[in-house]
Amino acid sequence: MKDAVGVIYTSKDEFSMRELSSKRSVTAIPIAARYRVVDFLLSNMVNSGIRKVGVLVQGNYHSLMDHLGSGKAWNLHTRNNGLFLLPSRGSEGSENSFGLLDALKANMDYLRRSRQEYALIVGGRIVYNARYDDMIRQHEETGADVTVMYTRFDPMNADFSASSPESRAFVTVNAQGQVTDMEINPNVITCPNMLMDVVLIKRTQLMHLADIAAAHGYHDLYTHILRGAVENKTMKIMGYEYTGYWKRMETINSYYNFNMDLLNKDVRRELFGVNPVFTKTRDDAPTKYLPGADVKNSLVADGCEIEGHVENSVLFRGVHVAKGAKIKGAIIMQDCSIGEDAELENVILDKDVTILKGGRMIGPKHYPIVLGKNVTV
Amino acid sequence: MRSKRVIAMLLAGGQGSRLGLLTRVMAKPAVPFGGRYRIIDFPLSNCSNSGIDTVGVLTQYQPLELNSYIGSGASWDLDLNGGGVYVLPPYVQGSEGRWYSGTANAIYQNLSFIEQYDPEYVLILSGDHIYKMDYSAMLDAHIEKNANITIAVRPVPWAEAPSFGIMNTDSESRILEFEEKPKQPKSNLASMGVYIFTFSQLKKYLTEDNADPNSKNDFGKNIIPKMLSDGKRLYAYAFEGYWKDVGTISSLWEAHMDLLKNPPEVDLNDRRWPVYAKSPIMPPHYIGPEGRVENSMITEGCEIYGSVSGSVLSAGVIVEEGAVVEDSAVMPGCVIKKGARVKRAIIAEQTVIGEGCQVGEDEGDIALVGQDTRLPAGYKVPAGAQVNNETIQEGK
């Protein structure tokens, strides 16, 4: 099997995730008590033997840069390969027309200087745990020009935003595994499979496509290249099926539901039990449960101190829950402090939020309240 | 190589035989502690936090676990250019090779390692204590007193003084007398086994000691008394913080219970003085719908469906429905099966406590289940007993 160079494509700032993505890209949003979306993607790559990964960053990427550092946490700090941050200005032309192909064109040197046979382009919005090496193996066996990862689409799992800046693509795959139809952002979905935003292609071929795209004013890989290639049969595009758990982070509800899914043992096993997920460590001490703590059905990171009542919740690192506090159905990010006798239900607290003694905040079940960073209530 | 002002040498070769089955397959410094640490994380983190970037770790007994744990030293930020953490086992010089015959001999055999860095001072540490200490403050005191050796001491209860190496000092902290386990102590300042030597003096005394066939090659028994009788400048440096020798099953258990006090005797969550550890790369822990956790410490990878109180659980411990863990320390990767009860016990790594087992009792000594043990369903381990797969098979 020949090796691949990885490319992770992160989104621009957007509004579908409200306060959570106002200061960071979706790829950098904290999830699952101590991870970020990007941790899953980087771990997928590292677990598949990929040694060189570039992250195409746009807009507000400080949060992502801060998290990724040298790439050490993912063992991506080797001499010749490793982790590369690839910024692109994204201000040429109108904001909306700046797509993956433009970002690739702006970072052509990264592709040119790589020695790997393939390029694996991964979107920064879907959380899942997969091995790409199986996909590369299938790509070689089938002699495909392009292999795309797909999963059978379950409308129950979809919580799509009307305003997502990226294309959602759906495909039909025939018995031989070849993609025979592709639809992008359809109002009514007719294809049975959703693409997982994973595209495998020969590196030199990708460079060639990025050049053509620039010459023709194309921006989006799916809309402007792949869909046409499926229709006109100009490339052999194969599908690789992913059957495990996934969640596309697009709205507050999908974010909330993903975190709540982790309270399910099977979901935890699928996401963490097979291939390890790496992230930056913070050297927090183990979580301390004080006398009077009452915690049920919750996922808790290290460094917390809990004296109160917590149920059906996800607690990130360094959260304090004081005596008499009642927390239910909440996602509480790192270093938040919940005061005595405070009551929280169906809320998402971003980092460093303080709820003072006796504070009360009850969100509706299907529209959780979101509090931005550093707020005191 | 550029010269260093100070480097540290950590004595990690001891067998720790008083820890019984716990140290059957690993050296004492590699023993897990406090949920996500191993004992050696404390001196290594102290070095890192004190700005000491070069540490030699002297190993001899069961070094495998320790070697793989230390790795590149990256977990303690000790993987820097020109510095780092080096594992130093005994080696053959010319036709002659020998085991480390004592603490002083271990350092003597590695003089050439130390000389590579041309240090002015050498910090000697041992790998069997739980404490957070700023060695740089001790070094400042050493320099200020123009000492040849500075020995870290801490006050112990007078009643316990006869079981320690006791320093008698003058008002300037100069050591006038050193008594190993005195019957009638004149002071309660006990040596912590942490020394700073001016390197030229260390080299001179180690070389002389090596030439003396009657010497036990030990710092406490030979080197320090010799320096004292030669009229050298020996100073005591008083350390006031938490310090716990974890050399026995009961003291290791007590040190875990100290972590659960509120506030804890040693704060592991102090951002200004972090205690580093190698990450086990596991997801956050999960407390089940019927789980109950109180007055305990829980870390990554644990899944608690039963009841845990007064206990410290390490990474990846599973407590099944109906199982009860009380006043115990459970090391990484253990499974406590349905209906089992663990009370006042230490459970070593990767052990499975079968359904309905009873380990330890409400009173009496601490029970110990050794590493990788599969305790058959319904098995009873009385207070103070130590069991592993072999003892179970022998029917003891």
# chains A, B, ... in the order shown; residues from 1 in each chain; ligands from 1
>>> select_by_dssp(residues="region 189-325 of chain B", states="helix (DSSP H, G or I)", output="VMD selection string")
chain B and resid 199 to 211 219 to 229 249 to 259
>>> select_by_dssp(residues="region 45-96 of chain A", states="strand (DSSP E)", output="ChimeraX atom specification")
/A:52-57,82-87
>>> write_last_selection(atoms="all heavy atoms", output="short mmCIF file (atom, residue, chain, number, x, y, z; two decimals), in the first residue's frame")
data_model
loop_
_atom_site.label_atom_id
_atom_site.label_comp_id
_atom_site.auth_asym_id
_atom_site.auth_seq_id
_atom_site.Cartn_x
_atom_site.Cartn_y
_atom_site.Cartn_z
N LYS A 52 2.02 12.78 7.59
CA LYS A 52 2.10 14.20 7.24
C LYS A 52 0.69 14.72 7.04
O LYS A 52 -0.06 14.18 6.22
CB LYS A 52 2.93 14.39 5.97
CG LYS A 52 3.04 15.84 5.54
CD LYS A 52 4.01 15.99 4.38
CE LYS A 52 4.15 17.48 4.03
NZ LYS A 52 5.12 17.69 2.95
N VAL A 53 0.33 15.74 7.80
CA VAL A 53 -1.03 16.28 7.73
C VAL A 53 -0.97 17.79 7.65
O VAL A 53 -0.28 18.44 8.46
CB VAL A 53 -1.85 15.88 8.99
CG1 VAL A 53 -3.28 16.41 8.87
CG2 VAL A 53 -1.87 14.36 9.19
N GLY A 54 -1.66 18.35 6.68
CA GLY A 54 -1.80 19.80 6.60
C GLY A 54 -3.21 20.19 6.98
O GLY A 54 -4.17 19.52 6.62
N VAL A 55 -3.34 21.25 7.75
CA VAL A 55 -4.67 21.72 8.14
C VAL A 55 -4.91 23.06 7.44
O VAL A 55 -4.22 24.04 7.71
CB VAL A 55 -4.79 21.87 9.67
CG1 VAL A 55 -6.20 22.31 10.04
CG2 VAL A 55 -4.44 20.56 10.36
N LEU A 56 -5.86 23.07 6.50
CA LEU A 56 -6.20 24.30 5.79
C LEU A 56 -7.05 25.15 6.71
O LEU A 56 -8.17 24.76 7.06
CB LEU A 56 -6.98 23.96 4.51
CG LEU A 56 -6.20 23.25 3.40
CD1 LEU A 56 -7.17 22.69 2.38
CD2 LEU A 56 -5.20 24.19 2.74
N VAL A 57 -6.52 26.26 7.14
CA VAL A 57 -7.25 27.09 8.10
C VAL A 57 -7.69 28.39 7.46
O VAL A 57 -7.03 28.92 6.57
CB VAL A 57 -6.41 27.38 9.36
CG1 VAL A 57 -6.22 26.12 10.17
CG2 VAL A 57 -5.05 27.97 8.99
N GLY A 82 4.99 15.42 9.63
CA GLY A 82 4.41 16.11 10.77
C GLY A 82 3.21 16.96 10.40
O GLY A 82 2.54 16.71 9.40
N LEU A 83 2.96 17.95 11.25
CA LEU A 83 1.75 18.76 11.12
C LEU A 83 2.07 20.13 10.54
O LEU A 83 3.04 20.77 10.95
CB LEU A 83 1.14 18.92 12.52
CG LEU A 83 -0.19 19.64 12.58
CD1 LEU A 83 -1.29 18.75 12.03
CD2 LEU A 83 -0.51 20.04 14.00
N PHE A 84 1.26 20.55 9.59
CA PHE A 84 1.47 21.85 8.94
C PHE A 84 0.17 22.65 9.00
O PHE A 84 -0.89 22.14 8.64
CB PHE A 84 1.87 21.66 7.48
CG PHE A 84 3.20 20.97 7.32
CD1 PHE A 84 3.30 19.59 7.44
CD2 PHE A 84 4.35 21.71 7.09
CE1 PHE A 84 4.53 18.96 7.32
CE2 PHE A 84 5.57 21.07 6.96
CZ PHE A 84 5.68 19.70 7.07
N LEU A 85 0.26 23.88 9.44
CA LEU A 85 -0.91 24.77 9.38
C LEU A 85 -0.83 25.51 8.05
O LEU A 85 0.19 26.11 7.73
CB LEU A 85 -0.86 25.78 10.51
CG LEU A 85 -1.47 25.36 11.85
CD1 LEU A 85 -1.55 26.57 12.77
CD2 LEU A 85 -2.84 24.74 11.68
N LEU A 86 -1.91 25.45 7.28
CA LEU A 86 -1.89 26.05 5.95
C LEU A 86 -2.95 27.14 5.85
O LEU A 86 -4.10 26.89 5.51
CB LEU A 86 -2.18 24.96 4.90
CG LEU A 86 -1.29 23.71 4.97
CD1 LEU A 86 -1.80 22.64 4.00
CD2 LEU A 86 0.16 24.05 4.66
N PRO A 87 -2.58 28.37 6.16
CA PRO A 87 -3.56 29.46 6.09
C PRO A 87 -3.75 29.91 4.65
O PRO A 87 -2.86 29.76 3.82
CB PRO A 87 -2.91 30.58 6.91
CG PRO A 87 -1.52 30.14 7.20
CD PRO A 87 -1.25 28.83 6.55
#
>>> interface_residues(of="chain A", to="chain B", cutoff="10 Å", atoms="only C-alpha atoms", output="VMD selection string")
chain A and resid 32 to 35 72 to 73 262 to 265 268 to 269 271 to 273 276 to 307 311 to 312 314 to 318
>>> atom_distance(atom1="CA of His129 (chain B)", atom2="CA of Val246 (chain B)")
5.9 Å
>>> atom_distance(atom1="CA of Ile223 (chain B)", atom2="CA of Ser200 (chain B)")
13.9 Å
>>> residues_around(residues="Leu356 (chain A)", least_positions_apart="6", cutoff="12 Å", atoms="only C-alpha atoms", output="number ranges by chain")
A: 320-322, 325, 336-344, 375-377
>>> write_last_selection(atoms="N, CA, C and O atoms", output="compact mmCIF listing (two decimals), in the first residue's frame")
# COMPACT_ATOMS: atom_id res chain seq x y z
N HIS A 320 -16.03 23.02 38.39
CA HIS A 320 -16.38 22.93 39.81
C HIS A 320 -17.90 22.95 39.96
O HIS A 320 -18.55 23.83 39.43
N VAL A 321 -18.41 21.99 40.70
CA VAL A 321 -19.84 21.97 40.98
C VAL A 321 -20.00 22.02 42.49
O VAL A 321 -19.65 21.08 43.20
N ALA A 322 -20.51 23.13 42.99
CA ALA A 322 -20.56 23.35 44.44
C ALA A 322 -21.74 22.60 45.06
O ALA A 322 -22.63 22.08 44.37
N ALA A 325 -25.78 22.28 44.16
CA ALA A 325 -26.06 22.61 42.76
C ALA A 325 -26.72 21.42 42.10
O ALA A 325 -26.45 20.27 42.43
N CYS A 336 -15.41 25.90 34.03
CA CYS A 336 -16.62 26.56 34.48
C CYS A 336 -16.79 26.32 35.97
O CYS A 336 -16.32 25.33 36.52
N SER A 337 -17.49 27.23 36.61
CA SER A 337 -17.72 27.09 38.02
C SER A 337 -19.21 27.26 38.31
O SER A 337 -19.80 28.28 37.95
N ILE A 338 -19.82 26.25 38.92
CA ILE A 338 -21.25 26.27 39.19
C ILE A 338 -21.43 26.45 40.69
O ILE A 338 -21.03 25.60 41.48
N GLY A 339 -22.02 27.58 41.08
CA GLY A 339 -22.11 27.96 42.49
C GLY A 339 -23.12 27.12 43.27
O GLY A 339 -23.90 26.36 42.70
N GLU A 340 -23.06 27.31 44.58
CA GLU A 340 -23.96 26.58 45.49
C GLU A 340 -25.42 26.76 45.09
O GLU A 340 -25.85 27.86 44.74
N ASP A 341 -26.16 25.69 45.16
CA ASP A 341 -27.60 25.68 44.93
C ASP A 341 -28.02 26.20 43.56
O ASP A 341 -29.20 26.50 43.34
N ALA A 342 -27.07 26.34 42.64
CA ALA A 342 -27.45 26.76 41.28
C ALA A 342 -28.19 25.61 40.61
O ALA A 342 -28.02 24.44 40.97
N GLU A 343 -29.01 25.94 39.62
CA GLU A 343 -29.79 24.92 38.94
C GLU A 343 -29.66 25.10 37.43
O GLU A 343 -29.96 26.17 36.91
N LEU A 344 -29.19 24.07 36.74
CA LEU A 344 -29.00 24.17 35.29
C LEU A 344 -29.67 22.99 34.61
O LEU A 344 -29.54 21.85 35.05
N VAL A 375 -18.57 34.23 30.61
CA VAL A 375 -19.75 34.94 31.09
C VAL A 375 -19.94 34.63 32.58
O VAL A 375 -19.66 33.53 33.03
N THR A 376 -20.41 35.60 33.34
CA THR A 376 -20.79 35.34 34.72
C THR A 376 -22.28 35.60 34.86
O THR A 376 -22.78 36.64 34.43
N VAL A 377 -22.98 34.61 35.42
CA VAL A 377 -24.44 34.75 35.55
C VAL A 377 -24.81 34.72 37.04
O VAL A 377 -24.45 33.79 37.73
>>> closest_residue(among="A:Val310, A:Met361, A:Ile252, A:Met149", to="Asp197 (chain A)", atoms="only C-alpha atoms")
A:Met149
>>> residues_around(residues="region 335-347 of chain B", least_positions_apart="6", cutoff="9 Å", atoms="only C-alpha atoms", output="mmCIF file with C-alpha atoms, in the first residue's frame")
data_model
loop_
_atom_site.group_PDB
_atom_site.id
_atom_site.type_symbol
_atom_site.label_atom_id
_atom_site.label_comp_id
_atom_site.auth_asym_id
_atom_site.auth_seq_id
_atom_site.Cartn_x
_atom_site.Cartn_y
_atom_site.Cartn_z
ATOM 1 C CA ILE B 249 1.843 -1.301 51.743
ATOM 2 C CA LEU B 252 1.272 3.626 50.241
ATOM 3 C CA TRP B 253 -2.357 3.163 51.243
ATOM 4 C CA GLY B 306 -21.361 0.295 41.230
ATOM 5 C CA SER B 311 -11.052 5.452 47.167
ATOM 6 C CA GLY B 316 -9.439 2.379 32.932
ATOM 7 C CA VAL B 317 -10.873 0.800 36.089
ATOM 8 C CA ILE B 318 -14.338 -0.751 35.651
ATOM 9 C CA VAL B 319 -16.596 -1.108 38.688
ATOM 10 C CA GLU B 320 -19.588 -3.227 37.697
ATOM 11 C CA GLU B 321 -23.172 -3.066 38.967
ATOM 12 C CA GLY B 322 -23.519 -3.908 42.615
ATOM 13 C CA ALA B 323 -19.765 -3.880 43.250
ATOM 14 C CA VAL B 324 -18.555 -1.824 46.192
ATOM 15 C CA VAL B 325 -15.124 -0.228 46.528
ATOM 16 C CA GLU B 326 -14.384 1.462 49.833
ATOM 17 C CA ASP B 327 -11.258 3.014 51.322
ATOM 18 C CA SER B 328 -9.026 1.468 48.679
ATOM 19 C CA ALA B 329 -6.535 2.247 45.913
ATOM 20 C CA ILE B 353 -11.705 -9.210 41.038
ATOM 21 C CA GLY B 354 -14.301 -11.896 40.291
ATOM 22 C CA GLU B 355 -18.019 -11.730 41.036
ATOM 23 C CA GLY B 356 -18.897 -11.710 44.687
ATOM 24 C CA CYS B 357 -15.268 -11.634 45.885
ATOM 25 C CA GLN B 358 -14.440 -10.034 49.194
ATOM 26 C CA VAL B 359 -11.084 -8.296 49.392
ATOM 27 C CA GLY B 360 -9.993 -6.750 52.682
ATOM 28 C CA GLU B 361 -11.986 -6.179 55.826
ATOM 29 C CA ASP B 362 -13.430 -3.304 57.851
ATOM 30 C CA GLU B 363 -10.494 -3.418 60.221
ATOM 31 C CA GLY B 364 -6.968 -4.703 60.335
ATOM 32 C CA ASP B 365 -4.112 -4.469 57.879
ATOM 33 C CA ILE B 366 -4.417 -3.518 54.230
ATOM 34 C CA ALA B 367 -5.066 -6.381 51.820
ATOM 35 C CA LEU B 368 -3.130 -6.568 48.540
ATOM 36 C CA VAL B 369 -3.961 -8.298 45.259
ATOM 37 C CA GLY B 370 -0.921 -8.471 42.959
ATOM 38 C CA GLN B 371 -0.624 -7.506 39.308
ATOM 39 C CA ALA B 377 -15.662 -15.633 41.842
ATOM 40 C CA GLY B 378 -16.454 -15.684 45.533
ATOM 41 C CA ALA B 383 -7.180 -8.206 55.992
ATOM 42 C CA GLY B 384 -3.410 -7.986 55.618
#
>>> atom_distance(atom1="CA of Leu101 (chain A)", atom2="CA of Leu226 (chain A)")
11.9 Å
>>> residues_around(residues="region 208-220 of chain A", least_positions_apart="6", cutoff="8 Å", atoms="only C-alpha atoms", output="PyMOL selection string")
chain A and resi 97-102+104-105
>>> residues_around(residues="Ala159 (chain B)", least_positions_apart="6", cutoff="12 Å", atoms="only C-alpha atoms", output="PyMOL selection string")
chain B and resi 181-188
>>> residues_around(residues="Thr150 (chain B)", least_positions_apart="4", cutoff="10 Å", atoms="only C-alpha atoms", output="list of chain:residue names")
B:Leu123, B:Met138, B:Leu139, B:Ala141, B:His142, B:Ile143, B:Lys145, B:Asn146, B:Ser173, B:Arg174, B:Ile175, B:Val194, B:Tyr195, B:Ile196, B:Phe197, B:Thr198, B:Arg233, B:Leu234, B:Tyr235, B:Ala236, B:Tyr237
>>> write_last_selection(atoms="N, CA and C atoms", output="PDB file, in the first residue's frame")
ATOM      1  N   LEU B 123      22.376  17.143  42.139  1.00  0.00           N
ATOM      2  CA  LEU B 123      21.258  16.865  43.044  1.00  0.00           C
ATOM      3  C   LEU B 123      21.027  15.358  43.045  1.00  0.00           C
ATOM      4  N   MET B 138      16.454  25.120  47.259  1.00  0.00           N
ATOM      5  CA  MET B 138      17.455  24.391  48.037  1.00  0.00           C
ATOM      6  C   MET B 138      18.857  24.671  47.495  1.00  0.00           C
ATOM      7  N   LEU B 139      18.936  24.766  46.152  1.00  0.00           N
ATOM      8  CA  LEU B 139      20.237  25.062  45.539  1.00  0.00           C
ATOM      9  C   LEU B 139      20.699  26.467  45.923  1.00  0.00           C
ATOM     10  N   ALA B 141      20.055  27.978  48.667  1.00  0.00           N
ATOM     11  CA  ALA B 141      20.539  27.895  50.055  1.00  0.00           C
ATOM     12  C   ALA B 141      21.940  27.283  50.081  1.00  0.00           C
ATOM     13  N   HIS B 142      22.141  26.261  49.260  1.00  0.00           N
ATOM     14  CA  HIS B 142      23.445  25.583  49.190  1.00  0.00           C
ATOM     15  C   HIS B 142      24.540  26.577  48.784  1.00  0.00           C
ATOM     16  N   ILE B 143      24.224  27.395  47.778  1.00  0.00           N
ATOM     17  CA  ILE B 143      25.207  28.358  47.271  1.00  0.00           C
ATOM     18  C   ILE B 143      25.451  29.446  48.303  1.00  0.00           C
ATOM     19  N   LYS B 145      25.202  29.322  51.510  1.00  0.00           N
ATOM     20  CA  LYS B 145      25.987  28.858  52.661  1.00  0.00           C
ATOM     21  C   LYS B 145      27.385  28.407  52.249  1.00  0.00           C
ATOM     22  N   ASN B 146      27.639  28.431  50.947  1.00  0.00           N
ATOM     23  CA  ASN B 146      28.909  27.923  50.443  1.00  0.00           C
ATOM     24  C   ASN B 146      29.148  26.498  50.976  1.00  0.00           C
ATOM     25  N   SER B 173      21.953  26.267  60.707  1.00  0.00           N
ATOM     26  CA  SER B 173      21.596  25.068  59.938  1.00  0.00           C
ATOM     27  C   SER B 173      22.806  24.226  59.551  1.00  0.00           C
ATOM     28  N   ARG B 174      23.980  24.530  60.110  1.00  0.00           N
ATOM     29  CA  ARG B 174      25.130  23.685  59.802  1.00  0.00           C
ATOM     30  C   ARG B 174      24.998  22.373  60.577  1.00  0.00           C
ATOM     31  N   ILE B 175      25.253  21.293  59.895  1.00  0.00           N
ATOM     32  CA  ILE B 175      25.087  19.988  60.526  1.00  0.00           C
ATOM     33  C   ILE B 175      26.307  19.678  61.395  1.00  0.00           C
ATOM     34  N   VAL B 194      17.449  13.579  50.024  1.00  0.00           N
ATOM     35  CA  VAL B 194      17.641  14.527  48.917  1.00  0.00           C
ATOM     36  C   VAL B 194      18.900  15.334  49.234  1.00  0.00           C
ATOM     37  N   TYR B 195      19.915  15.200  48.395  1.00  0.00           N
ATOM     38  CA  TYR B 195      21.193  15.879  48.662  1.00  0.00           C
ATOM     39  C   TYR B 195      21.584  16.753  47.489  1.00  0.00           C
ATOM     40  N   ILE B 196      22.178  17.911  47.796  1.00  0.00           N
ATOM     41  CA  ILE B 196      22.881  18.666  46.750  1.00  0.00           C
ATOM     42  C   ILE B 196      24.362  18.677  47.102  1.00  0.00           C
ATOM     43  N   PHE B 197      25.178  18.186  46.195  1.00  0.00           N
ATOM     44  CA  PHE B 197      26.624  18.189  46.370  1.00  0.00           C
ATOM     45  C   PHE B 197      27.242  19.230  45.463  1.00  0.00           C
ATOM     46  N   THR B 198      28.276  19.870  45.937  1.00  0.00           N
ATOM     47  CA  THR B 198      29.169  20.569  45.023  1.00  0.00           C
ATOM     48  C   THR B 198      29.943  19.463  44.312  1.00  0.00           C
ATOM     49  N   ARG B 233      31.756  21.345  55.014  1.00  0.00           N
ATOM     50  CA  ARG B 233      30.603  22.207  55.294  1.00  0.00           C
ATOM     51  C   ARG B 233      29.313  21.474  54.904  1.00  0.00           C
ATOM     52  N   LEU B 234      28.654  20.884  55.892  1.00  0.00           N
ATOM     53  CA  LEU B 234      27.393  20.179  55.675  1.00  0.00           C
ATOM     54  C   LEU B 234      26.252  21.032  56.218  1.00  0.00           C
ATOM     55  N   TYR B 235      25.265  21.289  55.405  1.00  0.00           N
ATOM     56  CA  TYR B 235      24.133  22.106  55.854  1.00  0.00           C
ATOM     57  C   TYR B 235      22.817  21.362  55.687  1.00  0.00           C
ATOM     58  N   ALA B 236      21.901  21.695  56.569  1.00  0.00           N
ATOM     59  CA  ALA B 236      20.555  21.127  56.461  1.00  0.00           C
ATOM     60  C   ALA B 236      19.648  22.156  55.790  1.00  0.00           C
ATOM     61  N   TYR B 237      18.736  21.678  54.973  1.00  0.00           N
ATOM     62  CA  TYR B 237      17.752  22.559  54.354  1.00  0.00           C
ATOM     63  C   TYR B 237      16.380  22.038  54.770  1.00  0.00           C
TER      64      TYR B 237
END
>>> closest_residue(among="A:Thr142, A:Thr243, A:Asn259, A:Ser313", to="Val37 (chain A)", atoms="only C-alpha atoms")
A:Asn259
>>> closest_residue(among="B:Gln109, B:Ser48, B:Thr103, B:Gln393", to="Lys221 (chain B)", atoms="only C-alpha atoms")
B:Thr103
>>> closest_residue(among="A:Val353, A:Ala130, A:Ala103, A:Leu221", to="Tyr242 (chain A)", atoms="only C-alpha atoms")
A:Ala130
